[in-house]
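Structure file model_27.cif; described as mmCIF, C-alpha atoms and all ligand atoms.
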```
data_start
#
loop_
_atom_site.label_atom_id
_atom_site.label_comp_id
_atom_site.auth_asym_id
_atom_site.auth_seq_id
_atom_site.Cartn_x
_atom_site.Cartn_y
_atom_site.Cartn_z
CA MET A 21 -38.82 18.92 -49.02
CA PRO A 22 -38.40 19.38 -45.23
CA PRO A 23 -37.67 16.16 -43.35
CA THR A 24 -40.55 14.37 -41.66
CA GLU A 25 -40.99 15.55 -38.06
CA ARG A 26 -40.64 12.45 -35.93
CA LEU A 27 -43.19 12.59 -33.15
CA TYR A 28 -41.95 9.31 -31.66
CA TYR A 29 -38.73 11.10 -30.73
CA GLN A 30 -40.64 13.19 -28.18
CA ASP A 31 -43.15 10.62 -27.00
CA SER A 32 -42.86 6.90 -27.54
CA HIS A 33 -46.41 6.39 -26.21
CA LEU A 34 -48.14 8.70 -28.68
CA ILE A 35 -50.39 6.47 -30.77
CA GLU A 36 -52.81 8.94 -32.41
CA PHE A 37 -51.82 12.01 -34.38
CA ASP A 38 -52.91 14.31 -37.19
CA ALA A 39 -50.62 15.10 -40.10
CA GLN A 40 -50.70 16.51 -43.61
CA VAL A 41 -49.94 14.42 -46.69
CA ILE A 42 -47.04 16.06 -48.52
CA ALA A 43 -46.35 13.42 -51.16
CA ASN A 44 -47.53 10.06 -52.35
CA SER A 45 -46.23 7.75 -55.04
CA GLU A 46 -47.15 4.30 -56.23
CA ARG A 47 -44.16 2.02 -55.64
CA VAL A 48 -45.38 -1.38 -56.71
CA SER A 49 -48.74 -1.96 -58.38
CA GLY A 50 -51.43 -1.32 -55.77
CA TRP A 51 -48.96 -0.18 -53.08
CA THR A 52 -48.40 3.48 -52.35
CA ALA A 53 -45.81 5.24 -50.21
CA VAL A 54 -47.27 8.22 -48.35
CA THR A 55 -45.07 10.97 -46.91
CA LEU A 56 -46.42 13.14 -44.09
CA ASP A 57 -45.19 16.40 -42.60
CA ARG A 58 -44.97 14.60 -39.23
CA THR A 59 -45.43 11.08 -38.00
CA ALA A 60 -45.59 8.93 -34.88
CA PHE A 61 -44.82 5.80 -36.95
CA TYR A 62 -41.41 4.30 -36.24
CA PRO A 63 -39.75 3.13 -39.49
CA THR A 64 -37.66 -0.07 -39.70
CA GLY A 65 -34.18 0.60 -38.34
CA GLY A 66 -31.65 -0.05 -35.60
CA GLY A 67 -32.65 -3.71 -35.34
CA GLN A 68 -36.24 -2.71 -34.54
CA PRO A 69 -39.06 -3.55 -36.95
CA SER A 70 -41.40 -0.89 -38.28
CA ASP A 71 -44.67 0.13 -36.66
CA THR A 72 -47.92 -0.75 -38.35
CA GLY A 73 -51.31 0.94 -38.00
CA THR A 74 -53.70 3.06 -40.07
CA LEU A 75 -53.86 6.38 -41.92
CA ASN A 76 -57.50 7.53 -42.20
CA GLY A 77 -58.45 3.90 -41.72
CA LEU A 78 -56.12 2.65 -44.50
CA ARG A 79 -53.76 -0.07 -43.36
CA VAL A 80 -50.10 0.94 -43.00
CA VAL A 81 -48.17 -2.31 -43.48
CA GLU A 82 -44.65 -0.94 -43.12
CA CYS A 83 -42.73 2.29 -42.67
CA ILE A 84 -39.40 2.86 -44.37
CA ASP A 85 -36.76 5.43 -43.41
CA ASP A 86 -35.71 7.09 -46.65
CA ALA A 87 -32.63 9.32 -46.44
CA GLU A 88 -34.12 11.84 -48.90
CA GLU A 89 -37.87 11.53 -48.59
CA GLY A 90 -38.22 10.95 -44.84
CA VAL A 91 -40.56 8.34 -43.39
CA LEU A 92 -42.51 6.47 -46.08
CA HIS A 93 -45.83 4.93 -44.99
CA VAL A 94 -46.62 1.98 -47.24
CA ILE A 95 -50.37 1.48 -47.72
CA GLN A 96 -52.48 -0.64 -50.00
CA GLY A 97 -55.05 1.00 -52.23
CA ARG A 98 -55.76 4.63 -53.12
CA ALA A 99 -53.63 7.06 -51.17
CA PRO A 100 -55.08 10.27 -49.68
CA GLU A 101 -54.52 13.37 -51.84
CA VAL A 102 -51.53 15.62 -51.22
CA GLY A 103 -52.57 18.38 -48.80
CA THR A 104 -55.15 16.22 -46.99
CA ILE A 105 -55.07 16.13 -43.20
CA VAL A 106 -55.06 12.49 -42.12
CA LYS A 107 -55.45 10.76 -38.79
CA GLY A 108 -52.71 8.31 -38.00
CA ARG A 109 -53.08 5.48 -35.56
CA ILE A 110 -50.28 3.16 -34.36
CA ASP A 111 -50.90 -0.50 -33.46
CA TRP A 112 -50.18 -0.09 -29.75
CA LEU A 113 -49.50 -3.72 -28.79
CA ARG A 114 -46.94 -4.08 -31.56
CA ARG A 115 -45.27 -0.80 -30.50
CA LEU A 116 -45.30 -1.86 -26.85
CA ASP A 117 -43.79 -5.23 -27.78
CA HIS A 118 -41.01 -3.55 -29.76
CA MET A 119 -40.34 -1.07 -26.93
CA GLN A 120 -40.11 -3.90 -24.43
CA GLN A 121 -37.62 -5.82 -26.59
CA HIS A 122 -35.61 -2.73 -27.51
CA THR A 123 -35.48 -1.18 -24.04
CA GLY A 124 -34.81 -4.63 -22.62
CA GLN A 125 -31.84 -4.86 -24.97
CA HIS A 126 -30.40 -1.55 -23.65
CA ILE A 127 -30.65 -2.95 -20.11
CA LEU A 128 -29.29 -6.42 -20.86
CA SER A 129 -26.43 -5.06 -22.98
CA GLN A 130 -25.40 -2.71 -20.17
CA GLY A 131 -25.62 -5.66 -17.77
CA PHE A 132 -22.94 -7.48 -19.82
CA VAL A 133 -20.78 -4.31 -19.87
CA LYS A 134 -21.10 -3.74 -16.10
CA LEU A 135 -20.35 -7.35 -15.14
CA PHE A 136 -17.96 -8.55 -17.83
CA ASN A 137 -16.93 -5.45 -19.79
CA ALA A 138 -18.52 -7.20 -22.79
CA PRO A 139 -20.06 -4.81 -25.33
CA THR A 140 -22.96 -5.74 -27.62
CA ARG A 141 -22.02 -5.77 -31.32
CA SER A 142 -25.45 -6.22 -32.89
CA PHE A 143 -29.12 -6.60 -32.06
CA ARG A 144 -32.11 -8.03 -33.92
CA VAL A 145 -35.80 -8.28 -33.08
CA LEU A 146 -37.01 -11.56 -34.62
CA ASP A 147 -40.58 -12.86 -34.90
CA GLU A 148 -40.75 -14.55 -31.51
CA SER A 149 -37.51 -13.58 -29.80
CA CYS A 150 -34.50 -11.23 -30.05
CA GLU A 151 -30.79 -11.75 -30.54
CA ILE A 152 -27.74 -9.87 -29.35
CA ASP A 153 -24.16 -10.66 -30.30
CA VAL A 154 -21.93 -9.90 -27.32
CA SER A 155 -18.12 -9.83 -27.05
CA LEU A 156 -18.30 -12.22 -24.15
CA HIS A 157 -15.38 -14.61 -23.83
CA ASN A 158 -15.75 -18.01 -22.18
CA PRO A 159 -19.53 -17.78 -21.84
CA THR A 160 -21.36 -20.18 -19.56
CA SER A 161 -25.03 -20.43 -18.65
CA GLU A 162 -24.08 -19.14 -15.18
CA THR A 163 -22.30 -15.99 -16.38
CA ILE A 164 -25.11 -15.20 -18.82
CA GLU A 165 -27.72 -15.70 -16.08
CA ARG A 166 -25.82 -13.24 -13.85
CA ALA A 167 -26.28 -10.52 -16.47
CA VAL A 168 -29.94 -11.46 -16.88
CA GLU A 169 -30.43 -11.23 -13.13
CA LEU A 170 -28.85 -7.79 -13.01
CA ALA A 171 -31.06 -6.68 -15.93
CA ASN A 172 -34.22 -7.94 -14.21
CA ASN A 173 -33.30 -6.15 -10.99
CA VAL A 174 -32.94 -2.90 -12.95
CA ILE A 175 -36.35 -3.57 -14.54
CA TRP A 176 -38.02 -4.16 -11.17
CA GLU A 177 -36.41 -1.06 -9.64
CA ASN A 178 -38.59 0.78 -12.19
CA ARG A 179 -35.93 3.35 -13.03
CA MET A 180 -36.75 6.46 -15.06
CA ILE A 181 -35.75 6.53 -18.74
CA THR A 182 -35.09 10.01 -20.09
CA ILE A 183 -34.19 11.53 -23.44
CA SER A 184 -31.68 14.35 -23.91
CA HIS A 185 -29.97 16.02 -26.85
CA VAL A 186 -26.28 16.90 -26.93
CA THR A 187 -23.72 18.04 -29.47
CA SER A 188 -21.11 15.51 -30.54
CA ARG A 189 -18.53 17.56 -28.54
CA GLU A 190 -20.60 17.27 -25.38
CA ALA A 191 -21.12 13.60 -26.10
CA SER A 192 -17.37 12.97 -26.29
CA GLU A 193 -17.13 13.91 -22.58
CA LEU A 194 -19.88 11.49 -21.55
CA PRO A 195 -19.57 7.83 -20.56
CA LEU A 196 -21.60 6.46 -23.48
CA ARG A 197 -22.08 2.69 -23.66
CA LYS A 198 -21.47 2.71 -27.42
CA GLU A 199 -19.99 5.01 -30.01
CA PRO A 200 -22.53 7.17 -31.86
CA ALA A 201 -23.38 5.75 -35.28
CA ARG A 202 -23.82 9.24 -36.78
CA GLU A 203 -22.27 12.69 -36.86
CA GLY A 204 -23.73 15.88 -35.43
CA ASP A 205 -26.21 16.32 -32.57
CA LEU A 206 -27.10 13.21 -30.68
CA ARG A 207 -30.19 11.86 -28.99
CA LEU A 208 -29.21 10.16 -25.75
CA ILE A 209 -31.28 7.64 -23.83
CA GLU A 210 -30.50 7.49 -20.14
CA ILE A 211 -31.63 4.76 -17.79
CA GLU A 212 -31.31 6.44 -14.42
CA GLY A 213 -27.99 5.59 -12.80
CA PHE A 214 -27.39 2.63 -15.11
CA ASP A 215 -27.02 3.28 -18.84
CA LEU A 216 -26.39 6.15 -21.27
CA THR A 217 -26.57 5.39 -25.00
CA PRO A 218 -27.14 7.33 -28.21
CA CYS A 219 -30.27 5.92 -29.89
CA GLY A 220 -33.09 6.96 -32.21
CA GLY A 221 -35.52 4.23 -31.20
CA THR A 222 -38.65 4.04 -29.06
CA HIS A 223 -38.20 3.28 -25.35
CA ALA A 224 -40.29 2.65 -22.27
CA TYR A 225 -40.97 5.56 -19.88
CA GLN A 226 -39.63 3.52 -16.99
CA THR A 227 -37.78 0.22 -16.85
CA GLY A 228 -40.73 -1.54 -15.16
CA GLU A 229 -42.62 -1.42 -18.45
CA VAL A 230 -40.19 -3.99 -19.86
CA GLY A 231 -41.68 -6.53 -17.43
CA MET A 232 -38.91 -9.10 -17.44
CA ILE A 233 -36.10 -10.59 -19.51
CA ALA A 234 -35.42 -14.29 -20.03
CA VAL A 235 -32.72 -16.01 -22.08
CA ARG A 236 -33.98 -18.81 -24.34
CA SER A 237 -30.65 -20.02 -25.68
CA TRP A 238 -27.09 -18.99 -26.45
CA GLU A 239 -24.23 -20.16 -28.67
CA ARG A 240 -20.76 -19.16 -29.78
CA ALA A 241 -20.94 -17.46 -33.20
CA LYS A 242 -18.06 -15.92 -35.14
CA GLY A 243 -15.99 -15.16 -32.04
CA LEU A 244 -19.00 -13.59 -30.28
CA THR A 245 -21.65 -14.99 -27.99
CA ARG A 246 -25.09 -14.96 -29.62
CA ILE A 247 -27.80 -14.70 -26.99
CA GLU A 248 -31.46 -15.28 -27.79
CA PHE A 249 -33.73 -13.52 -25.31
CA VAL A 250 -37.33 -12.46 -24.81
CA ALA A 251 -38.68 -9.46 -22.89
CA GLY A 252 -42.11 -8.38 -21.64
CA MET A 253 -45.09 -9.91 -23.43
CA ARG A 254 -42.79 -12.20 -25.39
CA ALA A 255 -41.45 -13.65 -22.17
CA LEU A 256 -45.00 -14.49 -21.09
CA ALA A 257 -45.87 -15.95 -24.50
CA ASP A 258 -42.68 -18.00 -24.44
CA TYR A 259 -43.41 -19.20 -20.90
CA ARG A 260 -46.87 -20.35 -22.02
CA ARG A 261 -45.46 -22.29 -24.98
CA ALA A 262 -42.66 -23.80 -22.91
CA ASN A 263 -45.04 -24.73 -20.11
CA LYS A 264 -47.48 -26.30 -22.55
CA SER A 265 -44.84 -28.58 -24.07
CA ALA A 266 -43.27 -29.32 -20.67
CA ARG A 267 -46.67 -30.34 -19.29
CA ALA A 268 -47.48 -32.43 -22.36
CA ILE A 269 -44.23 -34.38 -21.88
CA ALA A 270 -44.81 -34.69 -18.13
CA GLY A 271 -48.28 -36.07 -18.91
CA LEU A 272 -46.73 -38.83 -21.06
CA PHE A 273 -44.59 -39.84 -18.09
CA SER A 274 -47.41 -39.29 -15.56
CA ALA A 275 -44.86 -37.23 -13.64
CA GLY A 276 -44.14 -33.65 -12.61
CA ARG A 277 -42.52 -31.20 -15.03
CA ALA A 278 -39.26 -31.10 -13.09
CA GLU A 279 -38.78 -34.88 -13.21
CA THR A 280 -39.04 -35.29 -16.99
CA PRO A 281 -35.42 -34.64 -18.03
CA GLU A 282 -34.23 -37.54 -15.89
CA LEU A 283 -37.12 -39.79 -16.95
CA ALA A 284 -36.55 -39.02 -20.64
CA ALA A 285 -32.79 -39.67 -20.33
CA ARG A 286 -33.50 -43.00 -18.65
CA MET A 287 -36.00 -43.97 -21.35
CA ILE A 288 -33.53 -43.15 -24.13
CA GLU A 289 -30.83 -45.25 -22.42
CA GLU A 290 -33.26 -48.17 -21.99
CA ASN A 291 -34.27 -47.83 -25.61
CA LYS A 292 -30.64 -48.09 -26.74
CA GLN A 293 -30.20 -51.26 -24.69
CA LEU A 294 -33.42 -52.71 -26.08
CA TYR A 295 -32.32 -51.92 -29.61
CA ARG A 296 -29.02 -53.73 -29.10
CA ARG A 297 -30.86 -56.67 -27.52
CA VAL A 298 -33.35 -56.86 -30.40
CA ARG A 299 -30.52 -56.88 -32.95
CA ASN A 300 -28.81 -59.71 -31.06
CA LEU A 301 -32.01 -61.71 -30.98
CA GLU A 302 -32.60 -61.02 -34.66
CA GLU A 303 -29.21 -62.50 -35.47
CA ILE A 304 -30.12 -65.65 -33.57
CA ALA A 305 -33.57 -65.76 -35.15
CA ALA A 306 -32.10 -65.21 -38.61
CA ARG A 307 -29.82 -68.23 -38.20
CA ILE A 308 -32.77 -70.47 -37.29
CA GLU A 309 -34.97 -68.95 -39.96
CA ALA A 310 -32.22 -69.45 -42.55
CA GLU A 311 -31.94 -73.14 -41.65
CA GLU A 312 -35.69 -73.58 -42.10
CA LEU A 313 -35.81 -71.71 -45.39
CA LEU A 314 -32.88 -73.68 -46.78
CA ALA A 315 -34.46 -76.97 -45.75
CA ARG A 316 -37.73 -76.00 -47.40
CA ALA A 317 -35.98 -74.76 -50.57
CA ALA A 318 -34.14 -78.07 -50.83
CA ALA A 319 -37.36 -80.06 -50.36
CA GLU A 320 -39.30 -78.02 -52.94
CA ALA A 321 -36.65 -77.91 -55.61
CA GLY A 322 -35.22 -81.38 -55.28
CA ASN A 323 -32.08 -81.19 -57.35
CA ALA A 324 -32.87 -77.91 -59.08
CA THR A 325 -30.00 -76.56 -61.05
CA VAL A 326 -28.95 -73.02 -61.78
CA GLY A 327 -27.26 -72.78 -65.08
CA SER A 328 -24.54 -75.36 -64.92
CA ALA A 329 -23.83 -75.02 -61.18
CA ASP A 330 -25.86 -76.55 -58.37
CA ALA A 331 -27.30 -73.92 -56.04
CA ARG A 332 -30.21 -73.60 -53.69
CA ILE A 333 -32.54 -70.68 -54.29
CA VAL A 334 -34.49 -69.23 -51.38
CA VAL A 335 -37.41 -67.10 -52.54
CA GLU A 336 -39.49 -65.40 -49.86
CA VAL A 337 -41.76 -62.37 -49.42
CA PHE A 338 -42.43 -61.14 -45.87
CA ASP A 339 -44.97 -58.78 -44.34
CA ASN A 340 -43.85 -55.91 -42.09
CA ARG A 341 -40.12 -56.42 -42.15
CA ASP A 342 -37.63 -53.57 -42.27
CA ALA A 343 -34.69 -53.36 -44.66
CA GLU A 344 -32.07 -54.06 -41.99
CA SER A 345 -33.75 -57.24 -40.78
CA LEU A 346 -34.20 -58.41 -44.38
CA LYS A 347 -30.50 -57.85 -45.12
CA GLN A 348 -29.55 -59.68 -41.93
CA LEU A 349 -31.50 -62.75 -43.09
CA ALA A 350 -29.98 -62.60 -46.59
CA LEU A 351 -26.43 -62.44 -45.16
CA THR A 352 -27.15 -65.37 -42.86
CA LEU A 353 -28.48 -67.42 -45.79
CA ILE A 354 -25.46 -66.82 -48.01
CA ASN A 355 -23.13 -67.90 -45.22
CA HIS A 356 -24.20 -71.30 -46.50
CA PRO A 357 -22.41 -72.47 -49.65
CA LYS A 358 -24.07 -72.45 -53.06
CA THR A 359 -27.02 -70.37 -51.92
CA ILE A 360 -28.99 -67.62 -53.61
CA ALA A 361 -31.43 -65.53 -51.56
CA LEU A 362 -34.15 -63.51 -53.29
CA LEU A 363 -36.00 -61.76 -50.47
CA GLY A 364 -38.71 -59.13 -50.43
CA ALA A 365 -40.72 -57.42 -47.71
CA ARG A 366 -43.61 -55.06 -47.33
CA ASP A 367 -42.37 -52.33 -44.97
CA LYS A 368 -45.20 -49.89 -44.22
CA ASP A 369 -45.94 -48.29 -47.64
CA ALA A 370 -42.74 -49.43 -49.33
CA ALA A 371 -41.44 -52.61 -50.91
CA ARG A 372 -37.94 -53.72 -49.81
CA VAL A 373 -35.81 -56.15 -51.77
CA VAL A 374 -32.49 -57.88 -51.05
CA PHE A 375 -30.80 -60.20 -53.56
CA ALA A 376 -27.69 -62.04 -52.37
CA ARG A 377 -25.62 -65.06 -53.31
CA SER A 378 -22.76 -66.95 -51.72
CA ALA A 379 -19.35 -66.53 -53.32
CA ASP A 380 -19.60 -69.93 -55.02
CA ALA A 381 -23.08 -69.38 -56.51
CA PRO A 382 -23.70 -67.88 -59.95
CA GLY A 383 -25.69 -64.82 -61.03
CA ASP A 384 -25.48 -61.02 -61.12
CA MET A 385 -27.58 -59.74 -58.22
CA ASN A 386 -27.04 -56.12 -59.27
CA ALA A 387 -28.53 -56.75 -62.72
CA LEU A 388 -31.47 -58.61 -61.16
CA MET A 389 -32.00 -55.72 -58.75
CA ARG A 390 -32.17 -53.14 -61.52
CA ASP A 391 -34.96 -55.08 -63.24
CA ALA A 392 -36.84 -55.61 -59.97
CA CYS A 393 -36.62 -51.93 -59.02
CA ALA A 394 -37.93 -50.91 -62.42
CA MET A 395 -41.03 -53.03 -61.72
CA LEU A 396 -41.36 -51.58 -58.22
CA ASP A 397 -41.07 -48.01 -59.38
CA GLY A 398 -38.07 -47.47 -57.16
CA ARG A 399 -34.30 -47.54 -56.93
CA GLY A 400 -31.57 -49.92 -55.88
CA GLY A 401 -28.23 -51.47 -56.68
CA GLY A 402 -25.13 -53.05 -55.27
CA LYS A 403 -22.54 -55.61 -56.30
CA PRO A 404 -22.77 -58.87 -58.25
CA ASP A 405 -23.11 -60.82 -54.98
CA LEU A 406 -25.29 -58.44 -52.93
CA ALA A 407 -27.81 -55.81 -53.98
CA GLN A 408 -30.55 -53.93 -52.16
CA GLY A 409 -33.40 -51.78 -53.30
CA GLY A 410 -37.04 -50.99 -53.06
CA GLY A 411 -39.91 -48.99 -54.41
CA LYS A 412 -43.37 -47.68 -53.77
CA ASN A 413 -45.23 -50.11 -56.01
CA VAL A 414 -45.81 -52.67 -53.23
CA GLU A 415 -48.41 -54.60 -55.28
CA LYS A 416 -45.74 -55.69 -57.76
CA LEU A 417 -43.42 -57.07 -55.08
CA GLY A 418 -44.39 -60.74 -55.50
CA GLU A 419 -44.13 -60.48 -59.25
CA ALA A 420 -40.72 -58.77 -59.12
CA ILE A 421 -39.32 -61.50 -56.86
CA ALA A 422 -40.82 -64.27 -59.01
CA GLN A 423 -39.36 -62.71 -62.13
CA ALA A 424 -35.88 -62.63 -60.52
CA ALA A 425 -36.30 -66.29 -59.53
CA ARG A 426 -37.16 -67.26 -63.13
CA VAL A 427 -34.03 -65.48 -64.40
CA VAL A 428 -31.84 -67.25 -61.83
CA ARG A 429 -33.36 -70.61 -62.73
CA GLY A 430 -32.69 -69.87 -66.39
CA GLU A 431 -36.39 -70.17 -67.27
ZN ZN A 501 -32.69 2.47 -28.06
#
```
File written out as structure tokens:
Amino acid sequence: MPPTERLYYQDSHLIEFDAQVIANSERVSGWTAVTLDRTAFYPTGGGQPSDTGTLNGLRVVECIDDAEEGVLHVIQGRAPEVGTIVKGRIDWLRRLDHMQQHTGQHILSQGFVKLFNAPTRSFRVLDESCEIDVSLHNPTSETIERAVELANNVIWENRMITISHVTSREASELPLRKEPAREGDLRLIEIEGFDLTPCGGTHAYQTGEVGMIAVRSWERAKGLTRIEFVAGMRALADYRRANKSARAIAGLFSAGRAETPELAARMIEENKQLYRRVRNLEEIAARIEAEELLARAAAEAGNATVGSADARIVVEVFDNRDAESLKQLALTLINHPKTIALLGARDKDAARVVFARSADAPGDMNALMRDACAMLDGRGGGKPDLAQGGGKNVEKLGEAIAQAARVVRGE
């Protein structure tokens, strides 16, 4: 079978073509791979995703480069008969997007070579952005932005991009940006006066078509610098998203976009201080609250006894109290001698429980907690003198605490 003639090699902007079906085979139930004598569809490869489009109106969802069978067009449903002439149509916006990212990558990669002698090791087109891994040592935002600036200048100079074919011997004499990945004759992509690279992908006619390049983020990864960038339409889409969220945040501060980083940093710092202040006040409040609860427990119980030892039992259920505050109160209570604290709280949709006793009071808080958590449909545990837990069955909270109190009182 002769290899598929690749029309995208000659013209990356060809989006309609006629071709003859030379084979078709069902791959997975309902999905058929169609082979044509020629195609303008670019198959997945070289970090660039496949084109999509239609064949005689049938949806082409992916194209695969098969070493033996050529370009496989994956379609759903009944495939056209072998021998049929079909009309192929490429989804132009998807192709243009891929060309912008891919051509943009040629330009940006050469920018890193020109400025820092830093070659690109790999390239990926992702859903919303692209990634290159560059051998760039000691990267900073400033050095990366210098390469981006050079790349954008090359884009706005609207340089010609041309295709040529050379033998591997001829290629060995040329200043190629990267080593050819294959043997034999080579397809070279030249960006006028800037870059010369062997490549089988689809490229813009002129650099201006790439529009612009912007870096979204970068990080050190496996000894390389991984740079996430967007080109062309993706840069505009990314600007819109970024602007939307920046304006939403600015709206919360009733300020301009540019002022929000400082305002947010100040708010976070204030929040930390407030948090520390609240915890301090809670400690003070817990001491007072503990005194009141102990006084009330003493008044209610008279000379209640626990087993053989005298101990005061504080039993309380609170509304809207978080686990940390509840624990704080329990610890303050058991600072007092011969004290047992059986505390519960409703915290949003959950029940929180803390059982604690002073060192000189009797009882196994951990065992009590296991029983309580079983009632609350939750989990918890700890030590004989301090246990914490909770569950989602908030309605049983009062009952679980009362049950623990009965056990402690020996009832
Ligand atoms: Zn290329």
Shortest interatomic distance to Pro100 (chain A) - which of A:Asp215, A:Asp117, A:Glu151, A:Glu46, counting all atoms listed in the file:
A:Glu46
I'd like the neighbourhood of Ala99 (chain A) as a PyMOL selection string, where a residue qualifies if any of its atoms comes within 9 Å (using all atoms listed in the file), though same-chain residues fewer than 5 positions away should be ignored.
chain A and resi 44-46+51-54+78
Contacts between ligand ZN 501 (chain A) and chain A, please, where a residue of chain A counts if it comes within 10 Å (with only C-alpha atoms and all ligand atoms); show its shortest atom pair and distance in Å to one decimal, rows by chain and ascending number, as JSON lines.
```
{"residue": "A:Gly66", "atom": "CA", "partner": "A:ZN501", "partner_atom": "ZN", "distance": 8.0}
{"residue": "A:Gly67", "atom": "CA", "partner": "A:ZN501", "partner_atom": "ZN", "distance": 9.5}
{"residue": "A:Gln68", "atom": "CA", "partner": "A:ZN501", "partner_atom": "ZN", "distance": 9.0}
{"residue": "A:Met119", "atom": "CA", "partner": "A:ZN501", "partner_atom": "ZN", "distance": 8.5}
{"residue": "A:Gln121", "atom": "CA", "partner": "A:ZN501", "partner_atom": "ZN", "distance": 9.8}
{"residue": "A:His122", "atom": "CA", "partner": "A:ZN501", "partner_atom": "ZN", "distance": 6.0}
{"residue": "A:Thr123", "atom": "CA", "partner": "A:ZN501", "partner_atom": "ZN", "distance": 6.1}
{"residue": "A:Gly124", "atom": "CA", "partner": "A:ZN501", "partner_atom": "ZN", "distance": 9.2}
{"residue": "A:Gln125", "atom": "CA", "partner": "A:ZN501", "partner_atom": "ZN", "distance": 8.0}
{"residue": "A:His126", "atom": "CA", "partner": "A:ZN501", "partner_atom": "ZN", "distance": 6.4}
{"residue": "A:Ile127", "atom": "CA", "partner": "A:ZN501", "partner_atom": "ZN", "distance": 9.8}
{"residue": "A:Arg207", "atom": "CA", "partner": "A:ZN501", "partner_atom": "ZN", "distance": 9.8}
{"residue": "A:Leu208", "atom": "CA", "partner": "A:ZN501", "partner_atom": "ZN", "distance": 8.8}
{"residue": "A:Ile209", "atom": "CA", "partner": "A:ZN501", "partner_atom": "ZN", "distance": 6.8}
{"residue": "A:Glu210", "atom": "CA", "partner": "A:ZN501", "partner_atom": "ZN", "distance": 9.6}
{"residue": "A:Leu216", "atom": "CA", "partner": "A:ZN501", "partner_atom": "ZN", "distance": 10.0}
{"residue": "A:Thr217", "atom": "CA", "partner": "A:ZN501", "partner_atom": "ZN", "distance": 7.4}
{"residue": "A:Pro218", "atom": "CA", "partner": "A:ZN501", "partner_atom": "ZN", "distance": 7.4}
{"residue": "A:Cys219", "atom": "CA", "partner": "A:ZN501", "partner_atom": "ZN", "distance": 4.6}
{"residue": "A:Gly220", "atom": "CA", "partner": "A:ZN501", "partner_atom": "ZN", "distance": 6.1}
{"residue": "A:Gly221", "atom": "CA", "partner": "A:ZN501", "partner_atom": "ZN", "distance": 4.6}
{"residue": "A:Thr222", "atom": "CA", "partner": "A:ZN501", "partner_atom": "ZN", "distance": 6.2}
{"residue": "A:His223", "atom": "CA", "partner": "A:ZN501", "partner_atom": "ZN", "distance": 6.2}
{"residue": "A:Ala224", "atom": "CA", "partner": "A:ZN501", "partner_atom": "ZN", "distance": 9.6}
```
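Among the candidate residues A:Gln120, A:Ser155, A:Gln408, A:Thr227, the one lying nearest to Phe249 (chain A) is A:Gln120, with distances computed using all atoms listed in the file.
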For region 22-37 of chain A, list every protein, DNA or RNA residue within 6 Å, evaluated using only C-alpha atoms, and leave out those in the same chain fewer than 3 positions away; present the list as a ChimeraX atom specification.
/A:57-60,90,107-110,222
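Taking only C-alpha atoms into account, Val427 (chain A) lies nearest to A:Asp384 out of the set A:Asp384, A:Ser142, A:Asn158, A:Ala278.
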Which value, in Å to one decimal, gives the distance between CA of Lys134 (chain A) and CA of Leu244 (chain A)?
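Going from CA of Lys134 (chain A) over to CA of Leu244 (chain A), I get 17.4 Å.
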Go through A:Glu415, A:Asp205, A:Asp153, A:Asp330 and flag the residue nearest Ser129 (chain A), using only C-alpha atoms for the distances.
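So, comparing all the options, the nearest one is A:Asp153.
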Interatomic distance between CA of Pro404 (chain A) and CA of Leu346 (chain A)?
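CA of Pro404 (chain A) sits 18.0 Å away from CA of Leu346 (chain A).
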Which residues, written as a list in words, have at least one atom at most 12 Å from Val174 (chain A), with only C-alpha atoms counted and residues fewer than 6 positions away on the same chain left out?
Thr123, Gly124, His126, Ile127, Leu128, Gln130, Gly131, Ala167, Val168, Met180, Ile181, Ile211, Glu212, Gly213, Phe214, Asp215, Gln226, Thr227, Gly228, Glu229, Val230, Gly231, Met232 and Ile233 of chain A
Can you tell me which residues surround Arg236 (chain A) at a distance of at most 8 Å, considering all atoms listed in the file, apart from same-chain residues fewer than 5 positions away, and format the answer as an NGL selection string?
:A and (247-250)
Within 10 Å of Ala381 (chain A) using only C-alpha atoms, minus same-chain residues under 4 positions, as a PyMOL selection string
chain A and resi 326+329-333+354+357-360+376-377+405
Can you tell me how far CA of Met287 (chain A) sits from CA of Ala306 (chain A), in Å to one decimal?
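Answer for the CA of Met287 (chain A) to CA of Ala306 (chain A) separation: 27.6 Å.
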Best match for closeness to Arg372 (chain A) among A:Gly276, A:Gly398, A:Pro139, A:Gly65, counting only C-alpha atoms:
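Smallest separation from Arg372 (chain A) among the options: A:Gly398.
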Which residue of A:Gln423, A:Glu302, A:Arg296, A:Val334 approaches Ala317 (chain A) most closely, using all atoms listed in the file
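Checking each candidate against Ala317 (chain A), we get A:Val334 as the closest.
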